[in-house]
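Q: So here's start-v3.csv (CSV, C-alpha atoms).
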chain,number,residue,atom,x,y,z
A,1,MET,CA,102.9,135.3,120.0
A,2,ILE,CA,101.3,133.7,116.9
A,3,GLY,CA,101.3,130.0,116.1
A,4,ILE,CA,101.1,128.7,112.6
A,5,LEU,CA,99.9,125.2,111.8
A,6,GLY,CA,100.4,124.3,108.2
A,7,GLY,CA,99.2,121.3,106.2
A,8,THR,CA,97.0,120.1,103.4
A,9,PHE,CA,94.1,119.5,105.9
A,10,ASN,CA,92.7,116.9,103.5
A,11,PRO,CA,90.6,116.8,105.5
A,12,ILE,CA,91.1,118.5,108.8
A,13,HIS,CA,90.4,116.2,111.8
A,14,ASN,CA,90.4,116.0,115.6
A,15,GLY,CA,94.1,115.3,115.7
A,16,HIS,CA,94.9,118.7,114.2
A,17,LEU,CA,92.5,120.4,116.7
A,18,HIS,CA,93.8,118.4,119.7
A,19,LEU,CA,97.4,119.4,118.8
A,20,ALA,CA,96.5,123.1,118.5
A,21,GLU,CA,94.5,123.0,121.7
A,22,ARG,CA,97.2,121.4,123.8
A,23,LEU,CA,99.9,123.7,122.4
A,24,ASN,CA,97.7,126.7,123.1
A,25,GLN,CA,97.1,125.6,126.7
A,26,THR,CA,100.8,125.3,127.2
A,27,LEU,CA,102.2,128.2,125.3
A,28,ALA,CA,99.2,130.7,125.4
A,29,PHE,CA,99.2,132.0,121.9
A,30,GLU,CA,97.5,135.2,120.9
A,31,ALA,CA,96.2,133.2,117.9
A,32,ILE,CA,96.9,130.0,116.1
A,33,ARG,CA,96.5,130.2,112.3
A,34,PHE,CA,95.7,127.1,110.3
A,35,MET,CA,97.4,127.5,107.0
A,36,PRO,CA,96.2,125.1,104.2
A,37,ALA,CA,98.8,124.4,101.5
A,38,ALA,CA,97.7,124.8,97.9
A,39,ILE,CA,100.4,122.6,96.3
A,40,PRO,CA,102.6,120.9,99.0
A,41,ALA,CA,106.2,121.0,97.8
A,42,LEU,CA,107.0,117.5,99.2
A,43,LYS,CA,103.6,115.8,98.7
A,44,GLY,CA,101.3,115.0,95.8
A,45,MET,CA,98.5,117.3,94.8
A,46,PRO,CA,95.6,117.2,97.3
A,47,THR,CA,92.6,115.1,96.2
A,48,VAL,CA,90.0,117.9,96.8
A,49,SER,CA,90.1,121.5,95.9
A,50,ALA,CA,91.6,124.3,97.9
A,51,GLU,CA,88.2,125.8,98.4
A,52,HIS,CA,86.8,122.6,99.9
A,53,ARG,CA,89.7,122.2,102.2
A,54,ALA,CA,89.5,125.8,103.4
A,55,ASP,CA,85.8,125.5,104.0
A,56,MET,CA,86.3,122.4,106.2
A,57,VAL,CA,89.0,124.3,108.2
A,58,LYS,CA,86.6,127.2,108.8
A,59,LEU,CA,83.9,124.8,110.0
A,60,ALA,CA,86.3,122.9,112.3
A,61,ILE,CA,87.6,126.0,114.1
A,62,VAL,CA,84.4,128.1,114.3
A,63,ASN,CA,84.0,127.4,118.0
A,64,HIS,CA,87.6,128.1,118.9
A,65,PRO,CA,88.1,131.9,119.4
A,66,THR,CA,91.9,131.6,119.3
A,67,PHE,CA,92.0,129.7,116.0
A,68,GLU,CA,92.0,131.4,112.6
A,69,ILE,CA,92.4,130.4,109.0
A,70,ASP,CA,95.2,131.9,106.8
A,71,ILE,CA,94.6,131.2,103.1
A,72,ARG,CA,97.7,133.0,101.7
A,73,GLU,CA,99.1,129.8,100.3
A,74,LEU,CA,95.8,129.1,98.5
A,75,GLU,CA,96.0,132.5,96.8
A,76,ARG,CA,99.6,132.1,95.7
A,77,GLU,CA,100.6,130.4,92.5
A,78,GLY,CA,103.0,127.5,92.4
A,79,PRO,CA,104.3,125.2,95.2
A,80,SER,CA,103.5,126.2,98.8
A,81,TYR,CA,106.9,127.0,100.2
A,82,THR,CA,107.0,127.7,104.0
A,83,ILE,CA,109.7,130.3,103.5
A,84,ASP,CA,107.5,132.4,101.2
A,85,SER,CA,104.7,132.3,103.8
A,86,LEU,CA,107.0,133.3,106.6
A,87,ILE,CA,108.5,136.2,104.7
A,88,ALA,CA,104.9,137.4,103.9
A,89,LEU,CA,103.9,137.0,107.6
A,90,ARG,CA,106.9,138.9,108.8
A,91,LYS,CA,106.1,141.8,106.5
A,92,GLU,CA,102.5,141.7,107.8
A,93,LEU,CA,103.2,141.3,111.5
A,94,GLY,CA,106.5,143.3,111.8
A,95,ASP,CA,109.9,142.4,113.2
A,96,LYS,CA,109.0,142.1,116.9
A,97,VAL,CA,106.1,139.6,116.9
A,98,SER,CA,107.0,136.1,117.9
A,99,ILE,CA,106.0,133.6,115.1
A,100,CYS,CA,106.0,129.9,116.0
A,101,TRP,CA,105.8,127.3,113.3
A,102,LEU,CA,104.1,124.2,114.8
A,103,ILE,CA,105.5,121.0,113.4
A,104,GLY,CA,105.6,117.3,114.1
A,105,SER,CA,108.9,115.6,114.9
A,106,ASP,CA,108.8,113.5,111.8
A,107,ALA,CA,108.5,116.5,109.6
A,108,PHE,CA,111.1,118.4,111.5
A,109,ALA,CA,113.5,115.5,111.0
A,110,ARG,CA,113.3,116.1,107.2
A,111,LEU,CA,113.6,119.9,107.5
A,112,ASN,CA,116.8,119.9,105.5
A,113,THR,CA,114.7,118.9,102.4
A,114,TRP,CA,112.6,122.1,102.6
A,115,ASN,CA,113.1,125.0,100.3
A,116,ARG,CA,115.7,127.5,101.8
A,117,TRP,CA,115.5,125.6,105.1
A,118,LYS,CA,118.5,127.4,106.6
A,119,ASP,CA,116.7,130.7,106.3
A,120,LEU,CA,113.5,129.6,108.1
A,121,LEU,CA,114.7,130.4,111.7
A,122,ASN,CA,115.4,133.9,110.6
A,123,HIS,CA,111.7,134.4,110.4
A,124,CYS,CA,110.2,132.1,113.0
A,125,HIS,CA,110.6,129.7,116.0
A,126,PHE,CA,109.9,126.0,115.6
A,127,VAL,CA,107.7,124.2,118.1
A,128,VAL,CA,108.4,120.6,117.5
A,129,VAL,CA,105.8,118.1,118.8
A,130,LYS,CA,106.8,114.7,119.9
A,131,ARG,CA,105.0,111.9,121.7
A,132,PRO,CA,105.8,111.5,125.4
A,133,HIS,CA,108.2,108.6,126.3
A,134,SER,CA,108.9,108.0,122.6
A,135,GLU,CA,112.3,106.8,121.5
A,136,LYS,CA,115.1,109.3,121.0
A,137,LEU,CA,114.4,111.3,117.9
A,138,ASN,CA,116.7,110.4,115.0
A,139,TRP,CA,117.8,113.6,113.4
A,140,ASN,CA,120.1,113.6,110.4
A,141,THR,CA,123.4,115.5,110.9
A,142,GLU,CA,122.2,118.8,109.4
A,143,VAL,CA,119.1,118.9,111.5
A,144,GLU,CA,121.0,117.8,114.6
A,145,LEU,CA,123.4,120.7,114.1
A,146,LEU,CA,120.6,123.1,113.7
A,147,LEU,CA,119.0,121.8,116.9
A,148,GLU,CA,122.2,122.1,118.8
A,149,ALA,CA,122.6,125.7,117.8
A,150,HIS,CA,119.0,126.8,118.4
A,151,GLN,CA,117.2,124.5,120.9
A,152,THR,CA,115.7,126.0,124.0
A,153,LYS,CA,114.0,124.3,126.9
A,154,ASP,CA,112.4,127.5,128.2
A,155,ALA,CA,109.0,128.0,126.6
A,156,ASN,CA,108.9,131.6,127.8
A,157,SER,CA,111.9,132.4,125.7
A,158,LEU,CA,109.7,132.1,122.6
A,159,LYS,CA,107.8,135.2,123.7
A,160,ASN,CA,110.9,137.3,124.3
A,161,SER,CA,112.2,137.1,120.7
A,162,ALA,CA,110.7,137.1,117.3
A,163,SER,CA,112.5,134.1,115.8
A,164,GLY,CA,115.5,131.8,116.0
A,165,LYS,CA,114.6,129.1,118.6
A,166,VAL,CA,113.5,125.5,118.6
A,167,LEU,CA,111.4,124.1,121.4
A,168,ILE,CA,110.6,120.4,121.6
A,169,GLN,CA,107.1,120.0,123.2
A,170,GLU,CA,105.8,116.6,124.3
A,171,ILE,CA,102.1,116.0,123.5
A,172,ALA,CA,100.1,112.8,123.5
A,173,ALA,CA,98.8,113.0,120.0
A,174,LEU,CA,95.6,111.4,118.8
A,175,ASP,CA,96.2,108.4,116.4
A,176,ILE,CA,94.4,109.9,113.5
A,177,SER,CA,95.5,110.7,109.9
A,178,SER,CA,93.9,112.3,107.0
A,179,THR,CA,95.0,109.3,104.8
A,180,GLN,CA,93.2,106.9,107.2
A,181,ILE,CA,90.0,109.1,107.1
A,182,ARG,CA,90.0,109.2,103.3
A,183,GLN,CA,90.4,105.4,103.1
A,184,HIS,CA,87.5,105.0,105.6
A,185,ILE,CA,85.2,107.3,103.7
A,186,ALA,CA,86.0,105.5,100.4
A,187,SER,CA,85.1,102.1,102.0
A,188,LYS,CA,82.0,103.6,103.7
A,189,THR,CA,83.4,103.2,107.2
A,190,ASP,CA,82.1,105.5,109.9
A,191,VAL,CA,84.5,108.5,110.6
A,192,SER,CA,82.3,110.4,113.0
A,193,ASN,CA,84.8,109.9,115.9
A,194,PHE,CA,87.6,111.4,113.8
A,195,MET,CA,86.4,114.9,113.0
A,196,PRO,CA,83.9,117.6,114.0
A,197,ARG,CA,80.3,116.7,113.0
A,198,SER,CA,80.2,119.9,110.8
A,199,VAL,CA,83.1,118.7,108.8
A,200,MET,CA,81.7,115.2,108.4
A,201,LYS,CA,78.4,116.7,107.1
A,202,TYR,CA,80.3,118.9,104.7
A,203,ILE,CA,82.1,115.9,103.3
A,204,GLN,CA,78.8,114.0,102.9
A,205,GLN,CA,77.1,117.0,101.3
A,206,HIS,CA,79.8,117.5,98.7
A,207,GLN,CA,80.5,113.7,98.3
A,208,LEU,CA,84.2,114.1,98.9
A,209,TYR,CA,86.7,111.2,99.0
A,210,GLN,CA,84.3,108.7,97.6
Would you kindly transcribe this structure into structure tokens?

A:
Amino acid sequence: MIGILGGTFNPIHNGHLHLAERLNQTLAFEAIRFMPAAIPALKGMPTVSAEHRADMVKLAIVNHPTFEIDIRELEREGPSYTIDSLIALRKELGDKVSICWLIGSDAFARLNTWNRWKDLLNHCHFVVVKRPHSEKLNWNTEVELLLEAHQTKDANSLKNSASGKVLIQEIAALDISSTQIRQHIASKTDVSNFMPRSVMKYIQQHQLYQ
């Protein structure tokens, strides 16, 4: 079973790593691949290059044997559509490997804005992360219907099929965002508690986000 954590990672931080670690403890992935987006379809262009963002991911995960980087979206031209990455992953891994796309509840609530969103579950499962004891999630009607048709509460069921299920997983997330970090760096505020030291040194060395 392979987990995929997509994002701009602009920059990667301890919140990303905490999320991946907790999900790996619970679901026991063979590997979790961090997949930086080149041109996010629903966000603005990242403020630093793909090369820098990939290098920071590599530094952040070097001591995590289960974590890998997948740069296919950085090597592909045009917007980074999840469906394209999933189709490529499925060709690479075959039809029987369980692929789990790891996604926050806020992003999942907007899934119906994604390119070819109704096709996504043909290629993967979704593991939707929400905070414990948070209020009831407010899905729109289309996402609610998708959830009703595909939700499972049995984590083991993800291993027994290659795609098609949605598991909601409660995790106490760290209150860190890449936007917050970029603002702190620009204002010369200390960010050492927000990211691995190696990533912070890389940012300083290349004078990023200043």

Q: Which one of A:Ile12, A:Met56, A:His18, A:Pro36 sits closest to Lys201 (chain A) if you count all atoms listed in the file?

A: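 Smallest distance to Lys201 (chain A) is found for A:Met56.
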
Q: Residues within 10 Å of Asp95 (chain A), please, as a PyMOL selection string. Count only C-alpha atoms; anything in the same chain fewer than 5 positions from it doesn't count.

A: chain A and resi 89-90+123+161-163

Q: How many Å separate CA of Val129 (chain A) from CA of Gly3 (chain A)?

A: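 Taking CA of Val129 (chain A) and CA of Gly3 (chain A), their separation equals 13.0 Å.
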
Q: At a cut-off of 12 Å, using only C-alpha atoms, what residues contact Val62 (chain A)? Leave out same-chain residues fewer than 4 positions from it and give the result as a VMD selection string.

A: chain A and resid 17 55 to 58 66 to 69 196 198 to 199

Q: Could you check which of A:Met45, A:Ala37, A:Ile103, A:Leu59 is closest to Lys130 (chain A), using all atoms listed in the file?

A: A:Ile103

Q: Using Å and a single decimal, report how far CA of Ser80 (chain A) sits from CA of Asn10 (chain A).

A: 15.0 Å

Q: Pick the closest to Ser157 (chain A) from A:Ile61, A:Ser98, A:Gly7, A:Arg33: which is it, counting only C-alpha atoms?

A: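 Looking at the shortest contact to Ser157 (chain A), the residue is A:Ser98.
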
Q: Choose the residue, out of A:Arg72, A:Leu27, A:Phe126, A:Glu21, that has the smallest atom-to-atom separation from Glu92 (chain A); count only C-alpha atoms.

A: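 Looking at the shortest contact to Glu92 (chain A), the residue is A:Arg72.
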
Q: Report, in Å with one decimal, the straight-line distance from CA of Phe9 (chain A) to CA of Phe108 (chain A).

A: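 Straight-line distance from CA of Phe9 (chain A) to CA of Phe108 (chain A) works out to 17.9 Å.
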
Q: Skipping near chain neighbours, those fewer than 4 positions away, what residues fall within 9 Å of Ala20 (chain A) using only C-alpha atoms, listed as a VMD selection string?

A: chain A and resid 3 5 15 to 16 24 to 25 32 67 102

Q: Residues within 12 Å of region 141-150 of chain A, please, as an MDAnalysis selection string. Count only C-alpha atoms; anything in the same chain fewer than 6 positions from it doesn't count.

A: chainID A and resid 105:114 117:122 124:128 157:158 163:168

Q: Please provide as JSON, numbers by chain all residues within 10 Å of Gln210 (chain A), with the sequence filter that same-chain residues fewer than 3 positions apart are discarded (counting only C-alpha atoms).

A: {"A": [182, 183, 184, 185, 186, 187, 188, 203, 204, 206, 207]}
